[in-house]
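Coordinates as given in run-v7.cif (mmCIF, C-alpha atoms and all ligand atoms):
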```
data_run
loop_
_atom_site.group_PDB
_atom_site.id
_atom_site.type_symbol
_atom_site.label_atom_id
_atom_site.label_comp_id
_atom_site.auth_asym_id
_atom_site.auth_seq_id
_atom_site.Cartn_x
_atom_site.Cartn_y
_atom_site.Cartn_z
ATOM 1 C CA MET A 207 -26.632 29.996 -2.142
ATOM 2 C CA LEU A 208 -28.795 29.122 0.864
ATOM 3 C CA LYS A 209 -27.006 25.800 1.241
ATOM 4 C CA ARG A 210 -23.654 27.518 1.131
ATOM 5 C CA SER A 211 -24.601 29.925 3.916
ATOM 6 C CA ILE A 212 -25.848 27.085 6.097
ATOM 7 C CA VAL A 213 -22.579 25.188 5.623
ATOM 8 C CA ALA A 214 -20.606 28.372 6.272
ATOM 9 C CA VAL A 215 -22.523 29.001 9.484
ATOM 10 C CA ALA A 216 -22.099 25.393 10.549
ATOM 11 C CA LEU A 217 -18.358 25.754 10.012
ATOM 12 C CA GLY A 218 -18.343 28.964 12.034
ATOM 13 C CA LEU A 219 -17.438 31.026 8.999
ATOM 14 C CA SER A 220 -18.963 34.342 8.046
ATOM 15 C CA ALA A 221 -21.880 33.810 5.689
ATOM 16 C CA SER A 222 -20.186 35.985 3.101
ATOM 17 C CA ALA A 223 -17.012 33.850 2.981
ATOM 18 C CA PRO A 224 -16.395 32.206 -0.414
ATOM 19 C CA ALA A 225 -17.435 28.548 -0.679
ATOM 20 C CA GLN A 226 -14.633 26.188 0.274
ATOM 21 C CA THR A 227 -14.206 23.107 -1.892
ATOM 22 C CA PRO A 228 -13.773 20.203 0.511
ATOM 23 C CA ALA A 229 -10.171 19.005 0.440
ATOM 24 C CA LEU A 230 -9.661 15.897 -1.674
ATOM 25 C CA PRO A 231 -8.413 12.792 0.175
ATOM 26 C CA PHE A 232 -5.772 12.386 -2.561
ATOM 27 C CA VAL A 233 -3.494 14.522 -4.703
ATOM 28 C CA LEU A 234 -4.179 14.254 -8.427
ATOM 29 C CA LYS A 235 -1.014 14.231 -10.573
ATOM 30 C CA GLN A 236 -0.947 14.110 -14.357
ATOM 31 C CA VAL A 237 1.708 11.569 -15.339
ATOM 32 C CA GLY A 238 1.107 11.527 -19.099
ATOM 33 C CA PRO A 239 -1.352 12.769 -21.734
ATOM 34 C CA GLY A 240 -4.734 11.810 -20.263
ATOM 35 C CA VAL A 241 -3.100 9.676 -17.567
ATOM 36 C CA TYR A 242 -3.488 10.611 -13.904
ATOM 37 C CA ALA A 243 -2.180 9.254 -10.615
ATOM 38 C CA ALA A 244 -4.321 9.854 -7.512
ATOM 39 C CA ILE A 245 -1.847 9.749 -4.642
ATOM 40 C CA ASP A 246 -3.180 9.168 -1.113
ATOM 41 C CA GLY A 247 -2.983 12.390 0.920
ATOM 42 C CA PRO A 248 -0.851 12.996 4.008
ATOM 43 C CA GLU A 249 -3.714 11.912 6.305
ATOM 44 C CA HIS A 250 -4.112 8.611 4.391
ATOM 45 C CA LYS A 251 -7.867 9.081 4.087
ATOM 46 C CA ALA A 252 -7.968 7.376 0.666
ATOM 47 C CA GLY A 253 -6.054 4.368 2.079
ATOM 48 C CA SER A 254 -4.021 3.750 -1.082
ATOM 49 C CA ASN A 255 -3.258 5.213 -4.491
ATOM 50 C CA ALA A 256 -5.446 4.961 -7.586
ATOM 51 C CA GLY A 257 -5.435 6.551 -11.034
ATOM 52 C CA PHE A 258 -7.140 6.727 -14.382
ATOM 53 C CA VAL A 259 -6.515 6.661 -18.129
ATOM 54 C CA ILE A 260 -8.592 8.642 -20.616
ATOM 55 C CA GLY A 261 -8.896 7.059 -24.068
ATOM 56 C CA ASP A 262 -10.770 8.097 -27.232
ATOM 57 C CA ASP A 263 -14.080 6.744 -26.080
ATOM 58 C CA GLY A 264 -13.904 6.227 -22.347
ATOM 59 C CA VAL A 265 -12.037 6.131 -19.086
ATOM 60 C CA LEU A 266 -10.316 3.220 -17.362
ATOM 61 C CA VAL A 267 -9.751 3.595 -13.615
ATOM 62 C CA VAL A 268 -7.035 1.711 -11.738
ATOM 63 C CA ASP A 269 -8.078 0.759 -8.193
ATOM 64 C CA ALA A 270 -10.880 2.213 -6.088
ATOM 65 C CA PHE A 271 -9.307 3.354 -2.797
ATOM 66 C CA PHE A 272 -10.415 2.133 0.639
ATOM 67 C CA THR A 273 -13.467 4.306 1.212
ATOM 68 C CA PRO A 274 -16.492 4.927 -0.990
ATOM 69 C CA ASP A 275 -16.074 8.659 -0.198
ATOM 70 C CA ALA A 276 -12.599 8.705 -1.701
ATOM 71 C CA ALA A 277 -13.862 6.801 -4.772
ATOM 72 C CA GLN A 278 -16.700 9.328 -5.104
ATOM 73 C CA ALA A 279 -14.168 12.157 -4.979
ATOM 74 C CA LEU A 280 -12.209 10.403 -7.748
ATOM 75 C CA VAL A 281 -15.345 10.149 -9.903
ATOM 76 C CA GLY A 282 -15.830 13.889 -9.278
ATOM 77 C CA GLU A 283 -12.299 14.670 -10.476
ATOM 78 C CA ILE A 284 -12.754 12.492 -13.588
ATOM 79 C CA ARG A 285 -16.024 14.306 -14.335
ATOM 80 C CA ARG A 286 -14.259 17.658 -13.933
ATOM 81 C CA ILE A 287 -11.629 16.636 -16.525
ATOM 82 C CA THR A 288 -13.630 14.667 -19.117
ATOM 83 C CA PRO A 289 -17.258 13.909 -20.020
ATOM 84 C CA LYS A 290 -16.270 10.497 -21.453
ATOM 85 C CA PRO A 291 -17.906 7.470 -19.826
ATOM 86 C CA ILE A 292 -16.125 5.598 -17.031
ATOM 87 C CA ARG A 293 -16.001 2.142 -18.612
ATOM 88 C CA TYR A 294 -13.699 0.043 -16.466
ATOM 89 C CA VAL A 295 -12.077 -0.189 -13.060
ATOM 90 C CA VAL A 296 -9.127 -2.562 -12.839
ATOM 91 C CA ASN A 297 -8.319 -3.828 -9.338
ATOM 92 C CA THR A 298 -4.599 -4.523 -8.946
ATOM 93 C CA HIS A 299 -5.428 -7.064 -6.187
ATOM 94 C CA TYR A 300 -8.164 -7.938 -3.698
ATOM 95 C CA HIS A 301 -7.038 -5.921 -0.637
ATOM 96 C CA ALA A 302 -9.818 -3.645 0.607
ATOM 97 C CA ASP A 303 -7.641 -0.527 0.556
ATOM 98 C CA HIS A 304 -7.713 -0.930 -3.251
ATOM 99 C CA THR A 305 -11.208 -2.385 -3.769
ATOM 100 C CA GLY A 306 -13.251 -0.634 -1.034
ATOM 101 C CA GLY A 307 -14.706 1.934 -3.445
ATOM 102 C CA ASP A 308 -15.529 -0.488 -6.281
ATOM 103 C CA GLN A 309 -19.297 -0.123 -5.896
ATOM 104 C CA VAL A 310 -19.070 3.638 -6.436
ATOM 105 C CA LEU A 311 -17.193 3.081 -9.694
ATOM 106 C CA ARG A 312 -19.637 0.377 -10.781
ATOM 107 C CA ASP A 313 -22.507 2.776 -10.054
ATOM 108 C CA ALA A 314 -20.678 5.326 -12.209
ATOM 109 C CA GLY A 315 -20.758 2.817 -15.100
ATOM 110 C CA ALA A 316 -17.568 0.807 -14.701
ATOM 111 C CA VAL A 317 -17.111 -2.914 -15.362
ATOM 112 C CA ILE A 318 -14.838 -4.332 -12.643
ATOM 113 C CA ILE A 319 -11.814 -6.199 -14.032
ATOM 114 C CA ALA A 320 -9.561 -8.230 -11.713
ATOM 115 C CA HIS A 321 -7.396 -11.314 -11.382
ATOM 116 C CA ARG A 322 -9.549 -14.442 -11.260
ATOM 117 C CA ASN A 323 -8.590 -15.097 -7.619
ATOM 118 C CA VAL A 324 -10.096 -11.782 -6.479
ATOM 119 C CA ARG A 325 -13.663 -13.130 -6.692
ATOM 120 C CA GLY A 326 -12.910 -15.825 -4.133
ATOM 121 C CA TRP A 327 -10.940 -13.563 -1.791
ATOM 122 C CA VAL A 328 -12.405 -10.064 -1.761
ATOM 123 C CA ARG A 329 -15.257 -10.787 0.678
ATOM 124 C CA VAL A 330 -13.450 -13.437 2.759
ATOM 125 C CA ASN A 331 -9.706 -12.839 3.034
ATOM 126 C CA ASN A 332 -10.061 -9.097 3.598
ATOM 127 C CA ILE A 333 -11.256 -9.904 7.130
ATOM 128 C CA ASN A 334 -7.756 -11.316 7.913
ATOM 129 C CA LEU A 335 -6.101 -8.247 6.425
ATOM 130 C CA PHE A 336 -7.351 -6.067 9.285
ATOM 131 C CA GLY A 337 -6.506 -8.467 12.118
ATOM 132 C CA ASP A 338 -7.331 -6.902 15.500
ATOM 133 C CA ARG A 339 -8.377 -3.661 13.780
ATOM 134 C CA ILE A 340 -11.524 -5.226 12.302
ATOM 135 C CA THR A 341 -14.853 -3.709 13.424
ATOM 136 C CA PRO A 342 -18.433 -4.925 12.869
ATOM 137 C CA GLU A 343 -18.963 -2.033 10.415
ATOM 138 C CA LEU A 344 -15.878 -2.966 8.418
ATOM 139 C CA LYS A 345 -16.876 -6.648 8.427
ATOM 140 C CA ALA A 346 -20.255 -5.728 6.961
ATOM 141 C CA ARG A 347 -18.667 -3.469 4.369
ATOM 142 C CA ILE A 348 -16.230 -6.209 3.291
ATOM 143 C CA ALA A 349 -19.055 -8.788 3.046
ATOM 144 C CA ALA A 350 -20.897 -6.431 0.680
ATOM 145 C CA LEU A 351 -17.972 -5.618 -1.641
ATOM 146 C CA PRO A 352 -18.916 -6.227 -5.274
ATOM 147 C CA LEU A 353 -17.367 -9.207 -7.039
ATOM 148 C CA PRO A 354 -15.425 -8.439 -10.224
ATOM 149 C CA ASP A 355 -17.333 -8.810 -13.509
ATOM 150 C CA VAL A 356 -14.432 -9.764 -15.770
ATOM 151 C CA VAL A 357 -11.627 -11.913 -14.399
ATOM 152 C CA THR A 358 -8.431 -13.268 -15.888
ATOM 153 C CA ASP A 359 -5.366 -15.278 -14.997
ATOM 154 C CA LYS A 360 -3.659 -14.193 -18.208
ATOM 155 C CA ASP A 361 -2.506 -10.863 -19.620
ATOM 156 C CA LEU A 362 -5.245 -8.745 -21.201
ATOM 157 C CA THR A 363 -5.264 -5.825 -23.579
ATOM 158 C CA VAL A 364 -8.020 -3.260 -23.072
ATOM 159 C CA TRP A 365 -8.584 -0.854 -25.956
ATOM 160 C CA LEU A 366 -9.981 2.569 -25.158
ATOM 161 C CA GLY A 367 -10.638 3.374 -28.816
ATOM 162 C CA SER A 368 -7.122 3.573 -30.261
ATOM 163 C CA ARG A 369 -5.439 3.724 -26.839
ATOM 164 C CA LYS A 370 -3.877 0.489 -25.649
ATOM 165 C CA VAL A 371 -3.892 -0.437 -21.967
ATOM 166 C CA VAL A 372 -2.016 -3.596 -20.979
ATOM 167 C CA VAL A 373 -3.170 -5.572 -17.942
ATOM 168 C CA ARG A 374 -0.498 -8.047 -16.808
ATOM 169 C CA THR A 375 -0.708 -10.802 -14.227
ATOM 170 C CA VAL A 376 2.310 -10.743 -11.928
ATOM 171 C CA LEU A 377 3.475 -12.661 -8.853
ATOM 172 C CA GLY A 378 4.394 -11.603 -5.355
ATOM 173 C CA HIS A 379 1.999 -9.514 -3.275
ATOM 174 C CA THR A 380 -1.129 -11.685 -2.905
ATOM 175 C CA GLY A 381 -1.228 -14.498 -5.471
ATOM 176 C CA GLY A 382 -3.735 -12.516 -7.557
ATOM 177 C CA ASP A 383 -1.856 -9.418 -8.657
ATOM 178 C CA ILE A 384 -1.938 -7.384 -11.823
ATOM 179 C CA THR A 385 -0.211 -4.291 -13.150
ATOM 180 C CA VAL A 386 -1.681 -1.852 -15.657
ATOM 181 C CA ALA A 387 0.529 -0.238 -18.305
ATOM 182 C CA VAL A 388 -0.153 2.617 -20.682
ATOM 183 C CA PRO A 389 2.650 2.042 -23.217
ATOM 184 C CA ASP A 390 2.129 5.238 -25.242
ATOM 185 C CA ALA A 391 2.577 7.336 -22.071
ATOM 186 C CA HIS A 392 5.358 5.217 -20.502
ATOM 187 C CA VAL A 393 3.301 4.829 -17.349
ATOM 188 C CA LEU A 394 2.878 1.694 -15.253
ATOM 189 C CA PHE A 395 0.364 1.405 -12.433
ATOM 190 C CA ALA A 396 2.203 -1.122 -10.273
ATOM 191 C CA GLY A 397 -0.375 -1.638 -7.518
ATOM 192 C CA ASP A 398 1.290 -3.066 -4.414
ATOM 193 C CA MET A 399 4.108 -4.599 -6.421
ATOM 194 C CA LEU A 400 5.714 -1.240 -5.632
ATOM 195 C CA TRP A 401 5.690 0.863 -2.457
ATOM 196 C CA ARG A 402 7.705 4.089 -2.482
ATOM 197 C CA LYS A 403 9.641 4.775 0.714
ATOM 198 C CA VAL A 404 7.053 3.104 2.908
ATOM 199 C CA ALA A 405 7.186 -0.345 4.502
ATOM 200 C CA PRO A 406 5.085 -2.828 2.475
ATOM 201 C CA ASN A 407 2.476 -5.232 3.836
ATOM 202 C CA LEU A 408 3.799 -8.785 3.452
ATOM 203 C CA ILE A 409 0.733 -10.545 4.926
ATOM 204 C CA ASP A 410 -0.121 -12.472 1.736
ATOM 205 C CA GLY A 411 3.177 -12.054 -0.061
ATOM 206 C CA SER A 412 5.994 -14.191 -1.334
ATOM 207 C CA VAL A 413 9.095 -12.009 -1.127
ATOM 208 C CA ALA A 414 10.912 -14.497 -3.371
ATOM 209 C CA GLN A 415 8.380 -13.916 -6.192
ATOM 210 C CA TRP A 416 7.854 -10.249 -5.393
ATOM 211 C CA GLN A 417 11.504 -9.192 -5.721
ATOM 212 C CA ALA A 418 11.708 -11.136 -9.006
ATOM 213 C CA THR A 419 8.708 -9.215 -10.385
ATOM 214 C CA ASP A 420 10.336 -5.924 -9.366
ATOM 215 C CA ALA A 421 13.547 -6.987 -11.119
ATOM 216 C CA ASP A 422 11.418 -7.505 -14.260
ATOM 217 C CA LEU A 423 9.809 -4.069 -13.868
ATOM 218 C CA ALA A 424 13.204 -2.391 -13.522
ATOM 219 C CA ALA A 425 14.410 -4.255 -16.639
ATOM 220 C CA MET A 426 11.565 -3.140 -18.933
ATOM 221 C CA PRO A 427 13.006 -1.703 -22.165
ATOM 222 C CA ASP A 428 11.647 1.793 -21.488
ATOM 223 C CA ALA A 429 12.143 1.636 -17.685
ATOM 224 C CA ALA A 430 14.474 4.659 -17.611
ATOM 225 C CA GLN A 431 11.801 6.940 -19.061
ATOM 226 C CA MET A 432 8.854 5.387 -17.235
ATOM 227 C CA GLN A 433 6.790 6.721 -14.397
ATOM 228 C CA PHE A 434 5.585 4.084 -11.955
ATOM 229 C CA VAL A 435 2.456 4.687 -9.891
ATOM 230 C CA PRO A 436 2.953 2.644 -6.716
ATOM 231 C CA GLY A 437 0.172 1.269 -4.519
ATOM 232 C CA HIS A 438 1.432 3.423 -1.663
ATOM 233 C CA GLY A 439 3.769 6.418 -1.698
ATOM 234 C CA ASP A 440 4.412 9.070 -4.313
ATOM 235 C CA VAL A 441 4.876 8.678 -8.086
ATOM 236 C CA ALA A 442 8.085 6.733 -8.643
ATOM 237 C CA ASP A 443 10.862 6.209 -11.188
ATOM 238 C CA VAL A 444 13.026 3.191 -11.937
ATOM 239 C CA ALA A 445 15.453 4.127 -9.127
ATOM 240 C CA ASP A 446 12.532 3.801 -6.681
ATOM 241 C CA VAL A 447 11.696 0.366 -8.120
ATOM 242 C CA ARG A 448 15.292 -0.725 -7.482
ATOM 243 C CA ASP A 449 15.202 0.845 -4.000
ATOM 244 C CA PHE A 450 12.008 -1.045 -3.143
ATOM 245 C CA ARG A 451 13.457 -4.308 -4.407
ATOM 246 C CA SER A 452 16.590 -3.818 -2.316
ATOM 247 C CA TYR A 453 14.340 -3.202 0.717
ATOM 248 C CA LEU A 454 12.718 -6.615 0.121
ATOM 249 C CA LEU A 455 16.117 -8.269 -0.329
ATOM 250 C CA ASP A 456 17.395 -6.543 2.841
ATOM 251 C CA ILE A 457 14.484 -7.842 4.935
ATOM 252 C CA ARG A 458 15.022 -11.346 3.622
ATOM 253 C CA ARG A 459 18.781 -11.200 4.282
ATOM 254 C CA LEU A 460 18.414 -9.657 7.768
ATOM 255 C CA VAL A 461 15.684 -12.055 8.893
ATOM 256 C CA ALA A 462 17.709 -15.006 7.547
ATOM 257 C CA ALA A 463 20.786 -13.804 9.491
ATOM 258 C CA GLY A 464 18.711 -13.357 12.659
ATOM 259 C CA ARG A 465 17.297 -16.866 12.317
ATOM 260 C CA LYS A 466 20.820 -18.225 11.910
ATOM 261 C CA ALA A 467 21.801 -16.416 15.148
ATOM 262 C CA ARG A 468 18.759 -18.082 16.773
ATOM 263 C CA LEU A 469 17.003 -14.804 17.409
ATOM 264 C CA LYS A 470 13.255 -15.026 17.925
ATOM 265 C CA ASP A 471 10.153 -12.879 18.350
ATOM 266 C CA GLU A 472 10.929 -9.433 19.830
ATOM 267 C CA GLY A 473 14.697 -9.982 19.670
ATOM 268 C CA LEU A 474 14.513 -10.789 15.955
ATOM 269 C CA VAL A 475 12.236 -7.808 15.304
ATOM 270 C CA GLN A 476 14.552 -5.368 17.121
ATOM 271 C CA SER A 477 17.670 -6.659 15.401
ATOM 272 C CA VAL A 478 16.100 -6.416 11.920
ATOM 273 C CA ALA A 479 14.384 -3.050 12.596
ATOM 274 C CA THR A 480 17.600 -1.296 13.658
ATOM 275 C CA LYS A 481 19.542 -2.472 10.620
ATOM 276 C CA LEU A 482 16.710 -1.970 8.132
ATOM 277 C CA ARG A 483 16.085 1.622 9.318
ATOM 278 C CA ALA A 484 19.810 2.368 9.037
ATOM 279 C CA LEU A 485 19.847 1.032 5.464
ATOM 280 C CA HIS A 486 16.696 2.974 4.467
ATOM 281 C CA PRO A 487 16.805 6.179 6.537
ATOM 282 C CA ASP A 488 14.369 8.082 4.285
ATOM 283 C CA TRP A 489 11.642 5.407 4.574
ATOM 284 C CA THR A 490 8.590 5.426 6.822
ATOM 285 C CA ILE A 491 8.850 2.153 8.771
ATOM 286 C CA SER A 492 6.415 2.027 11.694
ATOM 287 C CA ASP A 493 6.967 -0.303 14.657
ATOM 288 C CA ARG A 494 3.745 -2.107 13.759
ATOM 289 C CA ALA A 495 4.842 -2.586 10.124
ATOM 290 C CA ILE A 496 8.293 -3.893 10.949
ATOM 291 C CA ALA A 497 6.991 -6.346 13.555
ATOM 292 C CA ALA A 498 4.546 -7.759 10.990
ATOM 293 C CA GLU A 499 7.122 -7.828 8.192
ATOM 294 C CA VAL A 500 9.620 -9.750 10.278
ATOM 295 C CA LYS A 501 6.960 -12.264 11.337
ATOM 296 C CA TYR A 502 5.842 -12.898 7.751
ATOM 297 C CA MET A 503 9.406 -13.059 6.401
ATOM 298 C CA ASP A 504 10.312 -15.502 9.174
ATOM 299 C CA GLN A 505 7.327 -17.678 8.172
ATOM 300 C CA GLU A 506 8.297 -17.549 4.495
ATOM 301 C CA LEU A 507 11.862 -18.637 5.288
ATOM 302 C CA ALA A 508 10.575 -21.382 7.613
ATOM 303 C CA GLY A 509 8.186 -22.642 4.905
ATOM 304 C CA THR A 510 5.149 -22.100 7.173
ATOM 305 C CA LYS A 511 3.734 -18.980 5.495
ATOM 306 C CA LYS A 512 -0.010 -19.211 4.788
ATOM 307 C CA ARG A 513 -0.980 -17.469 1.577
ATOM 308 C CA PRO A 514 -4.519 -17.070 0.165
ATOM 309 C CA VAL A 515 -5.632 -20.220 -1.633
ATOM 310 C CA PRO A 516 -7.242 -19.904 -5.078
ATOM 311 C CA GLN A 517 -10.931 -20.904 -4.938
ATOM 312 C CA ALA A 518 -12.948 -22.740 -7.555
ATOM 313 C CA ASP A 519 -15.366 -20.569 -9.574
HETATM 314 ZN ZN ZN B 1 -2.163 -4.677 -0.852
#
```
How does this structure look as structure tokens?
Ligand SMILES: [Zn+2]
Amino acid sequence: MLKRSIVAVALGLSASAPAQTPALPFVLKQVGPGVYAAIDGPEHKAGSNAGFVIGDDGVLVVDAFFTPDAAQALVGEIRRITPKPIRYVVNTHYHADHTGGDQVLRDAGAVIIAHRNVRGWVRVNNINLFGDRITPELKARIAALPLPDVVTDKDLTVWLGSRKVVVRTVLGHTGGDITVAVPDAHVLFAGDMLWRKVAPNLIDGSVAQWQATDADLAAMPDAAQMQFVPGHGDVADVADVRDFRSYLLDIRRLVAAGRKARLKDEGLVQSVATKLRALHPDWTISDRAIAAEVKYMDQELAGTKKRPVPQAD
């Protein structure tokens, strides 16, 4: 009671005002029985999407957001919904906007599962991800990220009692990507293999592999009834998977055409941006994103793209 009044006073509220629950950095959406998507809020404080699956005897979390605070808020929401132990967190890839909160989940009891390449990349390659936006604080935080406990370069089945969760290795976004499916609920956590109506980050990607993986996702036998939880953007359906794949194919086609017309640098970016925005008018495509996408696509087509290199154990 005392604490509440102090907070209320600090916030300039009357001491008798009801306690305000701090706003969550994500929106929690139930996408199946015991299956939840945690969708990054409008202010992007969580940095990416996450989610969790409740089985008979425990909880499996998919991704850990960018900030420990957001991961802590996720643990709070899980605790509000179920007393079952948090047993696993599966990282869909190494990028810090998906792994930044791993330590919070490990402290809550989770074993960290990831693609085998994540161990070699999570503390090193994440520095590149931020480019000129890196700060000393962020560098220190990246250097201290926990390494995954269980790694694989093959598909895995995780049983939560009688509930089957399928972890699949896929190609395209980083070279160490996995998706997480809950077959009984027709839900697939796609990680950054899928972005809904928002320009994807191609820094480590191979668009050639990526679009092929999305074609596979759209061709899954139960695709029409599935809900796809993307890495960024709202909960998606198979039409969104096709839309995202056509965005990738459009970038590749437009950059290839610009190269053929001998466009370069800013000229190439402007030419692609205008056409891409016209083709995808309901997408959020920032100037920064499009400039980076065009650069990386240009490198991929030129055969000069540098992708993360798998490290020895
Ligand atoms: Zn990513």
Please find the residues contacting ligand ZN 1 (chain B) at a distance of at most 12 Å between atoms, with only C-alpha atoms and all ligand atoms counted, and report them as a PyMOL selection string.
chain A and resi 253-255+269+271-272+297-306+328+331-332+335-336+378-384+396-401+405-411+436-438
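Take CA of Ala462 (chain A) and CA of Gln505 (chain A): the distance between them is 10.7 Å.
With only C-alpha atoms as the atoms that count, the residue of A:Asp440, A:Asp471, A:Asp355, A:Asp275 with the shortest distance to Gly307 (chain A) is A:Asp275.
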Given the file above and the PyMOL selection byres (((chain A and resi 361-364) around 10) and not hetatm), which residues are selected, and can you give them as a VMD selection string?
chain A and resid 266 294 321 357 to 360 365 to 376 384 to 387
Set the distance at 10 Å and use all atoms listed in the file: which residues neighbour region 490-493 of chain A once local chain neighbours fewer than 3 positions away are removed? I'd like the list as a ChimeraX atom specification.
/A:402-406,439,475-476,479,482-483,486-487,496-499
Find the spatial neighbours of Phe232 (chain A), counting all atoms listed in the file, within a cut-off of 10 Å - ignore same-chain residues fewer than 4 positions away - and output them as a VMD selection string.
chain A and resid 243 to 256 271 276 279 to 280
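Nearest to Val444 (chain A) of all the residues A:Ala463, A:Asp456, A:Lys345, A:Val393 is A:Val393, counting only C-alpha atoms.
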Any chance you could work out the residue set of the PyMOL selection byres (((chain A and resi 329) around 8) and not hetatm) here, as a VMD selection string?
chain A and resid 325 to 328 330 to 333 348 to 351
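Here CA of Leu353 (chain A) stands at a distance of 27.4 Å from CA of Asp262 (chain A).
Of the residues listed (A:Arg286, A:Arg513, A:Arg322, A:Arg293), A:Arg293 shows the shortest atom-to-atom separation from Val259 (chain A); distances use only C-alpha atoms.
Going from CA of Gly464 (chain A) to CA of Glu506 (chain A) covers 13.9 Å.
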Taking the file as shown, what set of residues would the PyMOL selection byres (((chain A and resi 424-428) around 9) and not hetatm) give back, as a compact mmCIF listing (two decimals) with C-alpha atoms, keeping the file's coordinate frame?
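Okay, out21.txt is ready:
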```
# COMPACT_ATOMS: atom_id res chain seq x y z
CA HIS A 392 5.36 5.22 -20.50
CA THR A 419 8.71 -9.22 -10.38
CA ASP A 420 10.34 -5.92 -9.37
CA ALA A 421 13.55 -6.99 -11.12
CA ASP A 422 11.42 -7.50 -14.26
CA LEU A 423 9.81 -4.07 -13.87
CA ALA A 429 12.14 1.64 -17.68
CA ALA A 430 14.47 4.66 -17.61
CA GLN A 431 11.80 6.94 -19.06
CA MET A 432 8.85 5.39 -17.24
CA VAL A 444 13.03 3.19 -11.94
CA ALA A 445 15.45 4.13 -9.13
CA VAL A 447 11.70 0.37 -8.12
CA ARG A 448 15.29 -0.72 -7.48
```
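Distances here use all atoms listed in the file; by that measure, the residue among A:Val441, A:Ala484, A:Val500, A:Ala495 closest to Arg459 (chain A) is A:Val500.
Remark: for Arg465 (chain A), the closest of the candidate residues A:Lys235, A:Lys511, A:Lys501, A:Arg451 is A:Lys501 (distances computed over only C-alpha atoms).
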Starting from the block above, write region 467-513 of chain A out to a file with C-alpha atoms, as a PDB file, in the first residue's frame, please.
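Generated output (out-v5.pdb):
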```pdb
ATOM      1  CA  ALA A 467      20.472  -0.482 -66.178  1.00  0.00           C
ATOM      2  CA  ARG A 468      23.835   0.276 -64.510  1.00  0.00           C
ATOM      3  CA  LEU A 469      22.254   2.074 -61.593  1.00  0.00           C
ATOM      4  CA  LYS A 470      24.398   2.347 -58.480  1.00  0.00           C
ATOM      5  CA  ASP A 471      24.294   3.471 -54.855  1.00  0.00           C
ATOM      6  CA  GLU A 472      21.673   6.192 -54.223  1.00  0.00           C
ATOM      7  CA  GLY A 473      20.267   5.950 -57.757  1.00  0.00           C
ATOM      8  CA  LEU A 474      19.691   2.208 -57.369  1.00  0.00           C
ATOM      9  CA  VAL A 475      18.142   2.689 -53.925  1.00  0.00           C
ATOM     10  CA  GLN A 476      15.718   5.379 -55.152  1.00  0.00           C
ATOM     11  CA  SER A 477      14.667   3.392 -58.201  1.00  0.00           C
ATOM     12  CA  VAL A 478      13.986   0.228 -56.160  1.00  0.00           C
ATOM     13  CA  ALA A 479      12.330   2.098 -53.246  1.00  0.00           C
ATOM     14  CA  THR A 480       9.764   3.856 -55.453  1.00  0.00           C
ATOM     15  CA  LYS A 481       8.713   0.662 -57.208  1.00  0.00           C
ATOM     16  CA  LEU A 482       8.775  -1.526 -54.098  1.00  0.00           C
ATOM     17  CA  ARG A 483       6.599   0.935 -52.122  1.00  0.00           C
ATOM     18  CA  ALA A 484       4.126   1.082 -55.018  1.00  0.00           C
ATOM     19  CA  LEU A 485       3.921  -2.727 -55.084  1.00  0.00           C
ATOM     20  CA  HIS A 486       3.503  -2.995 -51.283  1.00  0.00           C
ATOM     21  CA  PRO A 487       1.602   0.156 -50.267  1.00  0.00           C
ATOM     22  CA  ASP A 488       0.430  -1.260 -46.913  1.00  0.00           C
ATOM     23  CA  TRP A 489       3.984  -2.114 -45.763  1.00  0.00           C
ATOM     24  CA  THR A 490       6.215  -0.130 -43.428  1.00  0.00           C
ATOM     25  CA  ILE A 491       9.417   0.410 -45.436  1.00  0.00           C
ATOM     26  CA  SER A 492      11.710   2.979 -43.815  1.00  0.00           C
ATOM     27  CA  ASP A 493      14.373   4.827 -45.817  1.00  0.00           C
ATOM     28  CA  ARG A 494      17.040   3.202 -43.653  1.00  0.00           C
ATOM     29  CA  ALA A 495      15.619  -0.300 -44.256  1.00  0.00           C
ATOM     30  CA  ILE A 496      15.322   0.063 -48.009  1.00  0.00           C
ATOM     31  CA  ALA A 497      18.839   1.477 -48.379  1.00  0.00           C
ATOM     32  CA  ALA A 498      20.232  -1.510 -46.458  1.00  0.00           C
ATOM     33  CA  GLU A 499      18.073  -4.035 -48.311  1.00  0.00           C
ATOM     34  CA  VAL A 500      19.171  -2.777 -51.701  1.00  0.00           C
ATOM     35  CA  LYS A 501      22.836  -2.856 -50.659  1.00  0.00           C
ATOM     36  CA  TYR A 502      22.609  -6.441 -49.393  1.00  0.00           C
ATOM     37  CA  MET A 503      20.567  -7.636 -52.385  1.00  0.00           C
ATOM     38  CA  ASP A 504      23.084  -5.995 -54.719  1.00  0.00           C
ATOM     39  CA  GLN A 505      25.902  -7.854 -52.913  1.00  0.00           C
ATOM     40  CA  GLU A 506      24.035 -11.163 -53.125  1.00  0.00           C
ATOM     41  CA  LEU A 507      23.498 -10.741 -56.874  1.00  0.00           C
ATOM     42  CA  ALA A 508      27.143  -9.699 -57.344  1.00  0.00           C
ATOM     43  CA  GLY A 509      28.335 -12.756 -55.381  1.00  0.00           C
ATOM     44  CA  THR A 510      30.146 -10.552 -52.827  1.00  0.00           C
ATOM     45  CA  LYS A 511      27.711 -10.937 -49.915  1.00  0.00           C
ATOM     46  CA  LYS A 512      29.428 -11.795 -46.615  1.00  0.00           C
ATOM     47  CA  ARG A 513      27.349 -14.113 -44.470  1.00  0.00           C
TER      48      ARG A 513
END
```
